$ cat coords.cif   # mmCIF, C-alpha atoms and all ligand atoms
data_target
#
loop_
_atom_site.group_PDB
_atom_site.id
_atom_site.type_symbol
_atom_site.label_atom_id
_atom_site.label_comp_id
_atom_site.auth_asym_id
_atom_site.auth_seq_id
_atom_site.Cartn_x
_atom_site.Cartn_y
_atom_site.Cartn_z
ATOM 1 C CA MET A 1 -77.257 8.036 -9.256
ATOM 2 C CA ASP A 2 -78.083 4.421 -10.176
ATOM 3 C CA THR A 3 -80.507 3.684 -12.981
ATOM 4 C CA ILE A 4 -82.333 0.432 -12.335
ATOM 5 C CA ALA A 5 -84.439 -1.242 -15.003
ATOM 6 C CA THR A 6 -85.279 -4.564 -13.391
ATOM 7 C CA THR A 7 -87.470 -5.472 -10.457
ATOM 8 C CA GLU A 8 -84.886 -7.989 -9.251
ATOM 9 C CA ARG A 9 -82.125 -5.359 -8.979
ATOM 10 C CA MET A 10 -84.518 -2.918 -7.327
ATOM 11 C CA LYS A 11 -85.419 -5.568 -4.737
ATOM 12 C CA GLN A 12 -81.720 -6.269 -4.110
ATOM 13 C CA LEU A 13 -81.069 -2.588 -3.478
ATOM 14 C CA ALA A 14 -84.095 -2.408 -1.165
ATOM 15 C CA ARG A 15 -82.930 -5.473 0.794
ATOM 16 C CA ALA A 16 -79.417 -4.038 1.158
ATOM 17 C CA ALA A 17 -80.884 -0.748 2.415
ATOM 18 C CA ALA A 18 -83.060 -2.601 4.934
ATOM 19 C CA ARG A 19 -80.046 -4.579 6.219
ATOM 20 C CA ALA A 20 -78.129 -1.328 6.670
ATOM 21 C CA GLY A 21 -81.084 0.226 8.511
ATOM 22 C CA ARG A 22 -81.524 2.881 5.803
ATOM 23 C CA ARG A 23 -85.011 4.312 5.286
ATOM 24 C CA ILE A 24 -86.116 4.407 1.656
ATOM 25 C CA GLY A 25 -88.233 7.286 0.339
ATOM 26 C CA LEU A 26 -90.117 6.449 -2.866
ATOM 27 C CA VAL A 27 -91.363 9.039 -5.364
ATOM 28 C CA PRO A 28 -93.591 7.361 -7.976
ATOM 29 C CA THR A 29 -93.964 9.348 -11.223
ATOM 30 C CA MET A 30 -94.820 8.925 -14.883
ATOM 31 C CA GLY A 31 -91.800 11.001 -15.941
ATOM 32 C CA ALA A 32 -91.714 14.229 -17.985
ATOM 33 C CA LEU A 33 -90.458 15.636 -14.710
ATOM 34 C CA HIS A 34 -91.157 19.188 -13.573
ATOM 35 C CA GLU A 35 -90.773 21.181 -10.363
ATOM 36 C CA GLY A 36 -93.838 19.457 -8.869
ATOM 37 C CA HIS A 37 -92.136 16.060 -9.087
ATOM 38 C CA LEU A 38 -88.814 17.498 -7.944
ATOM 39 C CA SER A 39 -90.414 19.019 -4.850
ATOM 40 C CA LEU A 40 -91.439 15.489 -3.832
ATOM 41 C CA ALA A 41 -87.907 14.201 -4.454
ATOM 42 C CA ARG A 42 -86.397 17.000 -2.349
ATOM 43 C CA ARG A 43 -88.807 16.294 0.484
ATOM 44 C CA ALA A 44 -87.867 12.596 0.330
ATOM 45 C CA ARG A 45 -84.189 13.617 0.282
ATOM 46 C CA ALA A 46 -84.684 15.652 3.459
ATOM 47 C CA GLU A 47 -86.566 12.879 5.271
ATOM 48 C CA CYS A 48 -85.034 9.590 4.086
ATOM 49 C CA ASP A 49 -81.630 7.904 3.679
ATOM 50 C CA LEU A 50 -82.134 6.534 0.172
ATOM 51 C CA VAL A 51 -84.340 8.258 -2.410
ATOM 52 C CA VAL A 52 -85.846 6.148 -5.192
ATOM 53 C CA LEU A 53 -87.746 7.921 -7.965
ATOM 54 C CA SER A 54 -89.696 5.637 -10.259
ATOM 55 C CA ILE A 55 -90.682 6.505 -13.795
ATOM 56 C CA TYR A 56 -93.365 4.292 -15.232
ATOM 57 C CA VAL A 57 -96.049 5.410 -17.669
ATOM 58 C CA ASN A 58 -98.778 3.190 -16.331
ATOM 59 C CA SER A 59 -100.956 1.964 -19.189
ATOM 60 C CA LEU A 60 -103.520 0.558 -16.707
ATOM 61 C CA GLN A 61 -104.495 4.035 -15.557
ATOM 62 C CA PHE A 62 -105.306 5.337 -19.049
ATOM 63 C CA GLY A 63 -108.722 4.770 -20.613
ATOM 64 C CA PRO A 64 -108.912 3.386 -24.190
ATOM 65 C CA SER A 65 -109.490 6.864 -25.666
ATOM 66 C CA GLU A 66 -106.956 8.611 -23.432
ATOM 67 C CA ASP A 67 -103.433 9.852 -24.110
ATOM 68 C CA PHE A 68 -101.226 6.856 -23.206
ATOM 69 C CA ARG A 69 -99.375 6.924 -26.534
ATOM 70 C CA ALA A 70 -99.074 10.700 -26.664
ATOM 71 C CA TYR A 71 -98.047 11.068 -23.009
ATOM 72 C CA PRO A 72 -94.784 13.094 -22.929
ATOM 73 C CA ARG A 73 -91.611 11.046 -22.399
ATOM 74 C CA ASP A 74 -88.139 12.550 -21.960
ATOM 75 C CA PRO A 75 -85.822 10.046 -20.209
ATOM 76 C CA VAL A 76 -82.560 11.944 -20.719
ATOM 77 C CA ARG A 77 -83.850 15.206 -19.276
ATOM 78 C CA ASP A 78 -85.641 13.292 -16.478
ATOM 79 C CA GLY A 79 -82.371 11.630 -15.480
ATOM 80 C CA ALA A 80 -80.548 14.955 -15.214
ATOM 81 C CA LEU A 81 -83.371 16.562 -13.209
ATOM 82 C CA ALA A 82 -83.663 13.602 -10.834
ATOM 83 C CA ARG A 83 -79.914 13.622 -10.184
ATOM 84 C CA GLY A 84 -80.057 17.370 -9.493
ATOM 85 C CA ALA A 85 -82.826 16.821 -6.928
ATOM 86 C CA GLY A 86 -80.686 14.321 -5.002
ATOM 87 C CA VAL A 87 -82.290 11.087 -6.181
ATOM 88 C CA ASP A 88 -80.094 8.046 -5.427
ATOM 89 C CA ALA A 89 -81.806 5.519 -7.672
ATOM 90 C CA LEU A 90 -83.981 5.967 -10.725
ATOM 91 C CA PHE A 91 -86.266 2.947 -11.126
ATOM 92 C CA VAL A 92 -87.372 2.665 -14.759
ATOM 93 C CA PRO A 93 -89.086 -0.705 -15.166
ATOM 94 C CA ASP A 94 -90.817 -1.640 -18.385
ATOM 95 C CA GLU A 95 -94.282 -3.162 -18.395
ATOM 96 C CA GLY A 96 -92.968 -6.764 -18.164
ATOM 97 C CA GLU A 97 -91.057 -5.948 -14.974
ATOM 98 C CA ILE A 98 -94.186 -4.618 -13.260
ATOM 99 C CA HIS A 99 -96.716 -7.125 -14.593
ATOM 100 C CA LEU A 100 -95.404 -10.692 -14.619
ATOM 101 C CA ASP A 101 -96.622 -13.071 -17.311
ATOM 102 C CA GLY A 102 -100.143 -14.217 -16.568
ATOM 103 C CA HIS A 103 -100.691 -11.646 -13.814
ATOM 104 C CA ARG A 104 -104.305 -11.468 -12.656
ATOM 105 C CA THR A 105 -104.242 -9.322 -9.538
ATOM 106 C CA ARG A 106 -105.881 -5.911 -9.306
ATOM 107 C CA VAL A 107 -106.075 -3.626 -6.279
ATOM 108 C CA GLU A 108 -109.137 -1.428 -5.781
ATOM 109 C CA VAL A 109 -110.215 1.013 -3.123
ATOM 110 C CA GLU A 110 -113.992 0.776 -3.292
ATOM 111 C CA GLY A 111 -116.072 3.933 -3.133
ATOM 112 C CA LEU A 112 -113.252 6.448 -3.070
ATOM 113 C CA GLN A 113 -112.268 5.441 -6.600
ATOM 114 C CA ASP A 114 -115.703 6.081 -8.110
ATOM 115 C CA THR A 115 -116.263 9.803 -7.406
ATOM 116 C CA LEU A 116 -114.721 12.973 -8.892
ATOM 117 C CA CYS A 117 -112.113 11.934 -11.514
ATOM 118 C CA GLY A 118 -113.201 8.305 -11.164
ATOM 119 C CA ARG A 119 -116.583 9.192 -12.657
ATOM 120 C CA SER A 120 -115.136 10.534 -15.899
ATOM 121 C CA ARG A 121 -112.166 8.134 -15.923
ATOM 122 C CA PRO A 122 -113.603 4.682 -15.084
ATOM 123 C CA GLY A 123 -110.846 2.226 -14.131
ATOM 124 C CA HIS A 124 -108.285 4.999 -13.691
ATOM 125 C CA PHE A 125 -107.735 4.648 -9.949
ATOM 126 C CA ARG A 126 -107.793 0.861 -10.101
ATOM 127 C CA GLY A 127 -104.854 1.208 -12.491
ATOM 128 C CA VAL A 128 -103.103 3.599 -10.099
ATOM 129 C CA THR A 129 -103.619 1.483 -6.966
ATOM 130 C CA THR A 130 -102.658 -1.763 -8.703
ATOM 131 C CA VAL A 131 -99.333 -0.335 -9.840
ATOM 132 C CA VAL A 132 -98.544 1.665 -6.689
ATOM 133 C CA ALA A 133 -99.231 -1.446 -4.584
ATOM 134 C CA LYS A 134 -96.671 -3.306 -6.719
ATOM 135 C CA LEU A 135 -94.138 -0.460 -6.438
ATOM 136 C CA LEU A 136 -94.541 -0.490 -2.642
ATOM 137 C CA ALA A 137 -93.999 -4.269 -2.615
ATOM 138 C CA ILE A 138 -90.871 -4.018 -4.779
ATOM 139 C CA VAL A 139 -89.230 -0.966 -3.186
ATOM 140 C CA ARG A 140 -90.476 -1.416 0.413
ATOM 141 C CA PRO A 141 -90.167 2.277 1.235
ATOM 142 C CA ALA A 142 -90.601 3.692 4.727
ATOM 143 C CA ALA A 143 -92.358 6.662 3.106
ATOM 144 C CA ALA A 144 -93.833 7.367 -0.316
ATOM 145 C CA TYR A 145 -94.355 10.901 -1.597
ATOM 146 C CA PHE A 146 -97.359 12.108 -3.594
ATOM 147 C CA GLY A 147 -98.639 15.530 -4.650
ATOM 148 C CA GLU A 148 -101.746 17.227 -3.264
ATOM 149 C CA LYS A 149 -102.473 18.180 -6.880
ATOM 150 C CA ASP A 150 -103.896 14.685 -7.289
ATOM 151 C CA ALA A 151 -105.997 15.036 -4.145
ATOM 152 C CA GLN A 152 -108.206 12.031 -4.818
ATOM 153 C CA GLN A 153 -105.246 9.807 -5.676
ATOM 154 C CA LEU A 154 -103.487 10.793 -2.443
ATOM 155 C CA ARG A 155 -106.510 9.940 -0.298
ATOM 156 C CA ILE A 156 -107.100 6.652 -2.119
ATOM 157 C CA LEU A 157 -103.466 5.624 -1.637
ATOM 158 C CA ARG A 158 -103.579 6.501 2.070
ATOM 159 C CA ARG A 159 -106.635 4.301 2.429
ATOM 160 C CA MET A 160 -105.016 1.516 0.403
ATOM 161 C CA ALA A 161 -101.862 1.477 2.561
ATOM 162 C CA ARG A 162 -103.969 1.443 5.710
ATOM 163 C CA ASP A 163 -106.302 -1.299 4.487
ATOM 164 C CA LEU A 164 -103.379 -3.487 3.325
ATOM 165 C CA HIS A 165 -101.586 -3.055 6.679
ATOM 166 C CA ASP A 166 -98.670 -1.478 4.839
ATOM 167 C CA ASP A 167 -96.672 0.651 7.289
ATOM 168 C CA CYS A 168 -95.356 2.888 4.505
ATOM 169 C CA ILE A 169 -96.162 6.497 5.374
ATOM 170 C CA ILE A 170 -98.022 8.175 2.519
ATOM 171 C CA VAL A 171 -96.784 11.767 2.497
ATOM 172 C CA GLY A 172 -98.806 14.487 0.759
ATOM 173 C CA CYS A 173 -96.820 17.431 -0.628
ATOM 174 C CA PRO A 174 -98.129 20.921 -1.545
ATOM 175 C CA ILE A 175 -99.084 21.804 -5.122
ATOM 176 C CA VAL A 176 -96.271 23.502 -7.046
ATOM 177 C CA ARG A 177 -97.561 26.224 -9.394
ATOM 178 C CA GLU A 178 -96.341 28.348 -12.276
ATOM 179 C CA ALA A 179 -95.975 32.074 -11.524
ATOM 180 C CA ASP A 180 -99.531 32.721 -12.799
ATOM 181 C CA GLY A 181 -101.049 30.054 -10.535
ATOM 182 C CA LEU A 182 -101.421 27.190 -13.008
ATOM 183 C CA ALA A 183 -100.649 23.902 -11.231
ATOM 184 C CA MET A 184 -97.626 22.273 -12.862
ATOM 185 C CA SER A 185 -98.506 19.149 -14.814
ATOM 186 C CA SER A 186 -96.826 17.008 -17.451
ATOM 187 C CA ARG A 187 -99.999 17.514 -19.495
ATOM 188 C CA ASN A 188 -99.579 21.313 -19.643
ATOM 189 C CA VAL A 189 -97.447 20.742 -22.781
ATOM 190 C CA TYR A 190 -100.679 19.877 -24.621
ATOM 191 C CA LEU A 191 -101.960 23.456 -24.192
ATOM 192 C CA THR A 192 -101.898 25.836 -27.168
ATOM 193 C CA PRO A 193 -100.655 29.356 -26.321
ATOM 194 C CA ASP A 194 -104.271 30.589 -25.990
ATOM 195 C CA GLU A 195 -105.247 27.659 -23.779
ATOM 196 C CA ARG A 196 -102.130 28.185 -21.667
ATOM 197 C CA ARG A 197 -103.213 31.805 -21.084
ATOM 198 C CA ALA A 198 -106.711 30.616 -20.155
ATOM 199 C CA ALA A 199 -105.729 27.739 -17.830
ATOM 200 C CA PRO A 200 -104.865 29.756 -14.671
ATOM 201 C CA VAL A 201 -108.606 30.464 -14.388
ATOM 202 C CA LEU A 202 -108.857 27.219 -12.384
ATOM 203 C CA HIS A 203 -106.579 28.573 -9.688
ATOM 204 C CA ARG A 204 -108.303 31.997 -9.771
ATOM 205 C CA ALA A 205 -111.675 30.313 -9.320
ATOM 206 C CA LEU A 206 -110.453 28.228 -6.368
ATOM 207 C CA ARG A 207 -108.880 31.318 -4.814
ATOM 208 C CA ALA A 208 -112.152 33.225 -5.097
ATOM 209 C CA ALA A 209 -113.927 30.365 -3.311
ATOM 210 C CA THR A 210 -111.216 30.196 -0.649
ATOM 211 C CA GLU A 211 -111.694 33.919 0.023
ATOM 212 C CA ALA A 212 -115.459 33.454 0.242
ATOM 213 C CA ALA A 213 -115.013 30.538 2.663
ATOM 214 C CA ARG A 214 -112.666 32.620 4.791
ATOM 215 C CA GLY A 215 -115.308 35.352 4.767
ATOM 216 C CA GLY A 216 -117.785 32.900 6.331
ATOM 217 C CA GLU A 217 -119.468 31.279 3.313
ATOM 218 C CA ALA A 218 -119.993 27.621 4.263
ATOM 219 C CA SER A 219 -122.533 26.513 1.640
ATOM 220 C CA ALA A 220 -120.933 23.988 -0.711
ATOM 221 C CA ALA A 221 -123.517 24.869 -3.369
ATOM 222 C CA ARG A 222 -122.609 28.555 -3.263
ATOM 223 C CA LEU A 223 -118.867 27.907 -3.179
ATOM 224 C CA THR A 224 -118.992 25.528 -6.147
ATOM 225 C CA ALA A 225 -121.280 27.984 -8.004
ATOM 226 C CA LEU A 226 -118.672 30.684 -7.505
ATOM 227 C CA VAL A 227 -116.001 28.400 -8.980
ATOM 228 C CA ARG A 228 -118.259 27.540 -11.943
ATOM 229 C CA GLU A 229 -119.114 31.197 -12.617
ATOM 230 C CA THR A 230 -115.463 32.219 -12.564
ATOM 231 C CA ILE A 231 -114.489 29.423 -14.954
ATOM 232 C CA ALA A 232 -117.474 30.192 -17.209
ATOM 233 C CA GLY A 233 -115.872 33.585 -17.845
ATOM 234 C CA GLU A 234 -113.147 31.756 -19.760
ATOM 235 C CA PRO A 235 -114.557 30.507 -23.091
ATOM 236 C CA LEU A 236 -111.701 28.041 -23.718
ATOM 237 C CA ALA A 237 -112.491 26.092 -20.533
ATOM 238 C CA ARG A 238 -115.045 23.254 -20.436
ATOM 239 C CA ILE A 239 -115.860 22.097 -16.910
ATOM 240 C CA ASP A 240 -115.858 18.365 -16.149
ATOM 241 C CA TYR A 241 -116.748 18.742 -12.458
ATOM 242 C CA VAL A 242 -116.606 21.145 -9.543
ATOM 243 C CA GLU A 243 -117.271 19.528 -6.157
ATOM 244 C CA ALA A 244 -116.814 20.084 -2.455
ATOM 245 C CA VAL A 245 -116.098 16.773 -0.708
ATOM 246 C CA ASP A 246 -115.081 15.504 2.694
ATOM 247 C CA ASP A 247 -111.295 15.510 3.106
ATOM 248 C CA GLU A 248 -111.136 11.831 4.023
ATOM 249 C CA THR A 249 -114.150 10.024 2.585
ATOM 250 C CA LEU A 250 -114.427 12.172 -0.567
ATOM 251 C CA GLU A 251 -118.205 12.193 -0.106
ATOM 252 C CA PRO A 252 -119.983 15.399 -1.122
ATOM 253 C CA VAL A 253 -120.520 17.868 1.719
ATOM 254 C CA ARG A 254 -123.404 20.347 1.953
ATOM 255 C CA GLU A 255 -121.603 22.661 4.321
ATOM 256 C CA VAL A 256 -117.897 23.274 4.646
ATOM 257 C CA ARG A 257 -117.475 22.882 8.412
ATOM 258 C CA GLY A 258 -114.478 20.583 8.955
ATOM 259 C CA LYS A 259 -111.777 19.980 6.389
ATOM 260 C CA ALA A 260 -113.141 19.748 2.862
ATOM 261 C CA VAL A 261 -111.577 19.510 -0.580
ATOM 262 C CA LEU A 262 -112.867 21.830 -3.265
ATOM 263 C CA ALA A 263 -111.864 20.051 -6.455
ATOM 264 C CA VAL A 264 -112.169 20.944 -10.114
ATOM 265 C CA ALA A 265 -111.449 19.273 -13.452
ATOM 266 C CA ALA A 266 -111.781 21.056 -16.773
ATOM 267 C CA TRP A 267 -110.841 20.583 -20.399
ATOM 268 C CA PHE A 268 -108.760 23.099 -22.304
ATOM 269 C CA GLY A 269 -108.650 21.720 -25.839
ATOM 270 C CA ARG A 270 -107.288 18.181 -25.519
ATOM 271 C CA ALA A 271 -105.797 18.751 -22.067
ATOM 272 C CA ARG A 272 -107.852 17.732 -19.056
ATOM 273 C CA LEU A 273 -106.503 19.668 -16.077
ATOM 274 C CA ILE A 274 -107.280 19.244 -12.389
ATOM 275 C CA ASP A 275 -106.767 21.482 -9.385
ATOM 276 C CA ASN A 276 -108.028 21.698 -5.818
ATOM 277 C CA VAL A 277 -107.807 23.495 -2.522
ATOM 278 C CA VAL A 278 -108.318 22.178 1.002
ATOM 279 C CA LEU A 279 -110.744 24.388 2.928
ATOM 280 C CA GLY A 280 -111.205 24.583 6.664
ATOM 281 C CA CYS A 281 -107.641 23.755 7.669
HETATM 282 P P1 LIG B 1 -97.445 12.113 -12.406
HETATM 283 O O1 LIG B 1 -96.087 11.952 -13.037
HETATM 284 O O2 LIG B 1 -98.278 13.161 -13.053
HETATM 285 O O3 LIG B 1 -98.155 10.797 -12.214
HETATM 286 O O4 LIG B 1 -97.176 12.663 -10.949
HETATM 287 C C1 LIG B 1 -96.312 12.005 -10.059
HETATM 288 C C2 LIG B 1 -96.476 12.611 -8.697
HETATM 289 O O5 LIG B 1 -96.155 13.993 -8.746
HETATM 290 C C3 LIG B 1 -97.915 12.521 -8.163
HETATM 291 O O6 LIG B 1 -97.871 12.210 -6.782
HETATM 292 C C4 LIG B 1 -98.435 13.907 -8.403
HETATM 293 O O7 LIG B 1 -99.459 14.279 -7.497
HETATM 294 C C5 LIG B 1 -97.191 14.738 -8.164
HETATM 295 N N1 LIG B 1 -97.333 16.041 -8.827
HETATM 296 C C6 LIG B 1 -97.633 16.274 -10.122
HETATM 297 N N2 LIG B 1 -97.749 17.596 -10.349
HETATM 298 C C7 LIG B 1 -97.519 18.216 -9.161
HETATM 299 C C8 LIG B 1 -97.506 19.576 -8.733
HETATM 300 N N3 LIG B 1 -97.762 20.582 -9.571
HETATM 301 N N4 LIG B 1 -97.235 19.834 -7.437
HETATM 302 C C9 LIG B 1 -96.995 18.822 -6.559
HETATM 303 N N5 LIG B 1 -96.984 17.519 -6.907
HETATM 304 C C10 LIG B 1 -97.252 17.213 -8.187
#
$ encode --input "coords.cif" --output "structure tokens"
Amino acid sequence: MDTIATTERMKQLARAAARAGRRIGLVPTMGALHEGHLSLARRARAECDLVVLSIYVNSLQFGPSEDFRAYPRDPVRDGALARGAGVDALFVPDEGEIHLDGHRTRVEVEGLQDTLCGRSRPGHFRGVTTVVAKLLAIVRPAAAYFGEKDAQQLRILRRMARDLHDDCIIVGCPIVREADGLAMSSRNVYLTPDERRAAPVLHRALRAATEAARGGEASAARLTALVRETIAGEPLARIDYVEAVDDETLEPVREVRGKAVLAVAAWFGRARLIDNVVLGC
């Protein structure tokens, strides 16, 4: 496995791959790798000729009072895990490689970026889209792999690629969970033992709503109320939002008829966790 720290070398590798007709699969991450990230790398391995996994803790996507400094970083372990998952090249640019001196360009996906997590994290998705657009321009992948755990991010990036006429296929991969249902996340390390025991309530709540929807309940208000009530039974959880939204536009739905995303964000101590389920598919 190659470790590449500069944009220039990454571009060289991408050009060589293109000349050889090799399809690149890109897996953008912020490191502190876990099985969720590795599932994306394995999918890329199965579908592409050259797998690039990027590790870049993107300061633009953190708010001023968020955890940029505290965000877990473990480059040695990440390298070993990436190699084990079949990654060919680890792209580890520093900030100066991504943002050239005097850079002024930002990428935004209007509307989709302002709901759900965008409401409590203003500027977050603009930070994500700006950096992912640059990664796509540097690596030129045929496909880029993202987790369904970040449902809003995935839909925003699909829209961005489409709107920018970028032919890169944005692939969504299923949420990888711990045995008790908690969605894997680099931020789970922030949880105290008590909070860790409490956190699977998010998955339980979404499962209860999924069952209700399967049983014929279509009212978004009743489904979200069920999620709220289940989470309220866990005193260590503080809900940020629970919403049922259209699978593509992310606009709130009143009735779950077609595909809809039931999404939740909640605080457990200093960890803000998100989870979701797609209904009606
Ligand atoms: P992050 O390092 O948290 O920015 O995540 C990098 C990528 O991994 C994103 O596309 C996430 O959606 C994805 N990811 C994170 N956690 C999981 C998970 N539990 N299951 C599937 N994908 C995940």
$ atom_distance --input "coords.cif" --atom1 "CA of Gln152 (chain A)" --atom2 "atom C8 of ligand LIG 1 (chain B)"
13.7 Å
$ residues_around --input "coords.cif" --residues "Val92 (chain A)" --least-positions-apart "4" --cutoff "12 Å" --atoms "all atoms listed in the file" --output "list in words"
Asp2, Thr3, Ile4, Ala5, Thr6, Thr7, Arg9, Met10, Pro28, Thr29, Met30, Gly31, Val52, Leu53, Ser54, Ile55, Tyr56, Val57, Asn58, Pro75, Asp78, Gly79, Gly96, Glu97, Ile98 and Leu135 of chain A
$ axis_aligned_box --input "coords.cif" --around "ligand LIG 1 (chain B)" --padding-each-side "4 Å" --output "AutoDock Vina command-line options"
--center_x -97.8 --center_y 15.7 --center_z -9.8 --size_x 11.4 --size_y 17.8 --size_z 14.5
$ closest_residue --input "coords.cif" --among "A:Ala17, A:Ala260, A:Leu273, A:Leu206" --to "ligand LIG 1 (chain B)" --atoms "all atoms listed in the file"
A:Leu273
$ residues_near_ligand --input "coords.cif" --ligand "ligand LIG 1 (chain B)" --cutoff "10 Å" --atoms "all atoms listed in the file" --output "PyMOL selection string"
chain A and resi 27-41+53-58+61+128+144-154+171-178+182-187+274-275
$ write_last_selection --input "coords.cif" --atoms "C-alpha atoms" --output "short mmCIF file (atom, residue, chain, number, x, y, z; two decimals), in the frame of the given file"
data_model
loop_
_atom_site.label_atom_id
_atom_site.label_comp_id
_atom_site.auth_asym_id
_atom_site.auth_seq_id
_atom_site.Cartn_x
_atom_site.Cartn_y
_atom_site.Cartn_z
CA VAL A 27 -91.36 9.04 -5.36
CA PRO A 28 -93.59 7.36 -7.98
CA THR A 29 -93.96 9.35 -11.22
CA MET A 30 -94.82 8.93 -14.88
CA GLY A 31 -91.80 11.00 -15.94
CA ALA A 32 -91.71 14.23 -17.98
CA LEU A 33 -90.46 15.64 -14.71
CA HIS A 34 -91.16 19.19 -13.57
CA GLU A 35 -90.77 21.18 -10.36
CA GLY A 36 -93.84 19.46 -8.87
CA HIS A 37 -92.14 16.06 -9.09
CA LEU A 38 -88.81 17.50 -7.94
CA SER A 39 -90.41 19.02 -4.85
CA LEU A 40 -91.44 15.49 -3.83
CA ALA A 41 -87.91 14.20 -4.45
CA LEU A 53 -87.75 7.92 -7.96
CA SER A 54 -89.70 5.64 -10.26
CA ILE A 55 -90.68 6.50 -13.80
CA TYR A 56 -93.36 4.29 -15.23
CA VAL A 57 -96.05 5.41 -17.67
CA ASN A 58 -98.78 3.19 -16.33
CA GLN A 61 -104.50 4.04 -15.56
CA VAL A 128 -103.10 3.60 -10.10
CA ALA A 144 -93.83 7.37 -0.32
CA TYR A 145 -94.36 10.90 -1.60
CA PHE A 146 -97.36 12.11 -3.59
CA GLY A 147 -98.64 15.53 -4.65
CA GLU A 148 -101.75 17.23 -3.26
CA LYS A 149 -102.47 18.18 -6.88
CA ASP A 150 -103.90 14.68 -7.29
CA ALA A 151 -106.00 15.04 -4.14
CA GLN A 152 -108.21 12.03 -4.82
CA GLN A 153 -105.25 9.81 -5.68
CA LEU A 154 -103.49 10.79 -2.44
CA VAL A 171 -96.78 11.77 2.50
CA GLY A 172 -98.81 14.49 0.76
CA CYS A 173 -96.82 17.43 -0.63
CA PRO A 174 -98.13 20.92 -1.54
CA ILE A 175 -99.08 21.80 -5.12
CA VAL A 176 -96.27 23.50 -7.05
CA ARG A 177 -97.56 26.22 -9.39
CA GLU A 178 -96.34 28.35 -12.28
CA LEU A 182 -101.42 27.19 -13.01
CA ALA A 183 -100.65 23.90 -11.23
CA MET A 184 -97.63 22.27 -12.86
CA SER A 185 -98.51 19.15 -14.81
CA SER A 186 -96.83 17.01 -17.45
CA ARG A 187 -100.00 17.51 -19.50
CA ILE A 274 -107.28 19.24 -12.39
CA ASP A 275 -106.77 21.48 -9.38
#
$ residues_near_point --input "coords.cif" --point "(-110.6, 9.8, -13.3)" --cutoff "12 Å" --atoms "all atoms listed in the file" --output "CSV table (one decimal) with C-alpha atoms, in the coordinates of the input"
chain,number,residue,atom,x,y,z
A,61,GLN,CA,-104.5,4.0,-15.6
A,62,PHE,CA,-105.3,5.3,-19.0
A,63,GLY,CA,-108.7,4.8,-20.6
A,66,GLU,CA,-107.0,8.6,-23.4
A,112,LEU,CA,-113.3,6.4,-3.1
A,113,GLN,CA,-112.3,5.4,-6.6
A,114,ASP,CA,-115.7,6.1,-8.1
A,115,THR,CA,-116.3,9.8,-7.4
A,116,LEU,CA,-114.7,13.0,-8.9
A,117,CYS,CA,-112.1,11.9,-11.5
A,118,GLY,CA,-113.2,8.3,-11.2
A,119,ARG,CA,-116.6,9.2,-12.7
A,120,SER,CA,-115.1,10.5,-15.9
A,121,ARG,CA,-112.2,8.1,-15.9
A,122,PRO,CA,-113.6,4.7,-15.1
A,123,GLY,CA,-110.8,2.2,-14.1
A,124,HIS,CA,-108.3,5.0,-13.7
A,125,PHE,CA,-107.7,4.6,-9.9
A,126,ARG,CA,-107.8,0.9,-10.1
A,127,GLY,CA,-104.9,1.2,-12.5
A,128,VAL,CA,-103.1,3.6,-10.1
A,150,ASP,CA,-103.9,14.7,-7.3
A,151,ALA,CA,-106.0,15.0,-4.1
A,152,GLN,CA,-108.2,12.0,-4.8
A,153,GLN,CA,-105.2,9.8,-5.7
A,240,ASP,CA,-115.9,18.4,-16.1
A,241,TYR,CA,-116.7,18.7,-12.5
A,264,VAL,CA,-112.2,20.9,-10.1
A,265,ALA,CA,-111.4,19.3,-13.5
A,266,ALA,CA,-111.8,21.1,-16.8
A,272,ARG,CA,-107.9,17.7,-19.1
A,273,LEU,CA,-106.5,19.7,-16.1
A,274,ILE,CA,-107.3,19.2,-12.4
$ closest_residue --input "coords.cif" --among "A:Ile231, A:Ala212, A:Ala89, A:Leu279" --to "Val245 (chain A)" --atoms "only C-alpha atoms"
A:Leu279
$ resolve_selection --input "coords.cif" --expression "the PyMOL selection byres (((chain A and resi 160-165) around 9) and not hetatm)" --output "ChimeraX atom specification"
/A:107-109,129,133,155-159,166-170
$ residues_around --input "coords.cif" --residues "Leu262 (chain A)" --least-positions-apart "3" --cutoff "9 Å" --atoms "only C-alpha atoms" --output "list in words"
Leu206, Ala209, Thr210, Ala220, Leu223, Thr224, Val242, Glu243, Ala244, Val245, Asp246, Asp275, Asn276, Val277, Val278 and Leu279 of chain A
$ atom_distance --input "coords.cif" --atom1 "CA of Arg228 (chain A)" --atom2 "CA of Ala205 (chain A)"
7.6 Å
$ residues_around --input "coords.cif" --residues "Ala18 (chain A)" --least-positions-apart "2" --cutoff "12 Å" --atoms "all atoms listed in the file" --output "short mmCIF file (atom, residue, chain, number, x, y, z; two decimals) with C-alpha atoms, in the frame of the given file"
data_model
loop_
_atom_site.label_atom_id
_atom_site.label_comp_id
_atom_site.auth_asym_id
_atom_site.auth_seq_id
_atom_site.Cartn_x
_atom_site.Cartn_y
_atom_site.Cartn_z
CA LYS A 11 -85.42 -5.57 -4.74
CA GLN A 12 -81.72 -6.27 -4.11
CA LEU A 13 -81.07 -2.59 -3.48
CA ALA A 14 -84.10 -2.41 -1.16
CA ARG A 15 -82.93 -5.47 0.79
CA ALA A 16 -79.42 -4.04 1.16
CA ALA A 20 -78.13 -1.33 6.67
CA GLY A 21 -81.08 0.23 8.51
CA ARG A 22 -81.52 2.88 5.80
CA ARG A 23 -85.01 4.31 5.29
CA ILE A 24 -86.12 4.41 1.66
CA ASP A 49 -81.63 7.90 3.68
CA LEU A 50 -82.13 6.53 0.17
CA VAL A 139 -89.23 -0.97 -3.19
CA ARG A 140 -90.48 -1.42 0.41
CA PRO A 141 -90.17 2.28 1.24
CA ALA A 142 -90.60 3.69 4.73
#
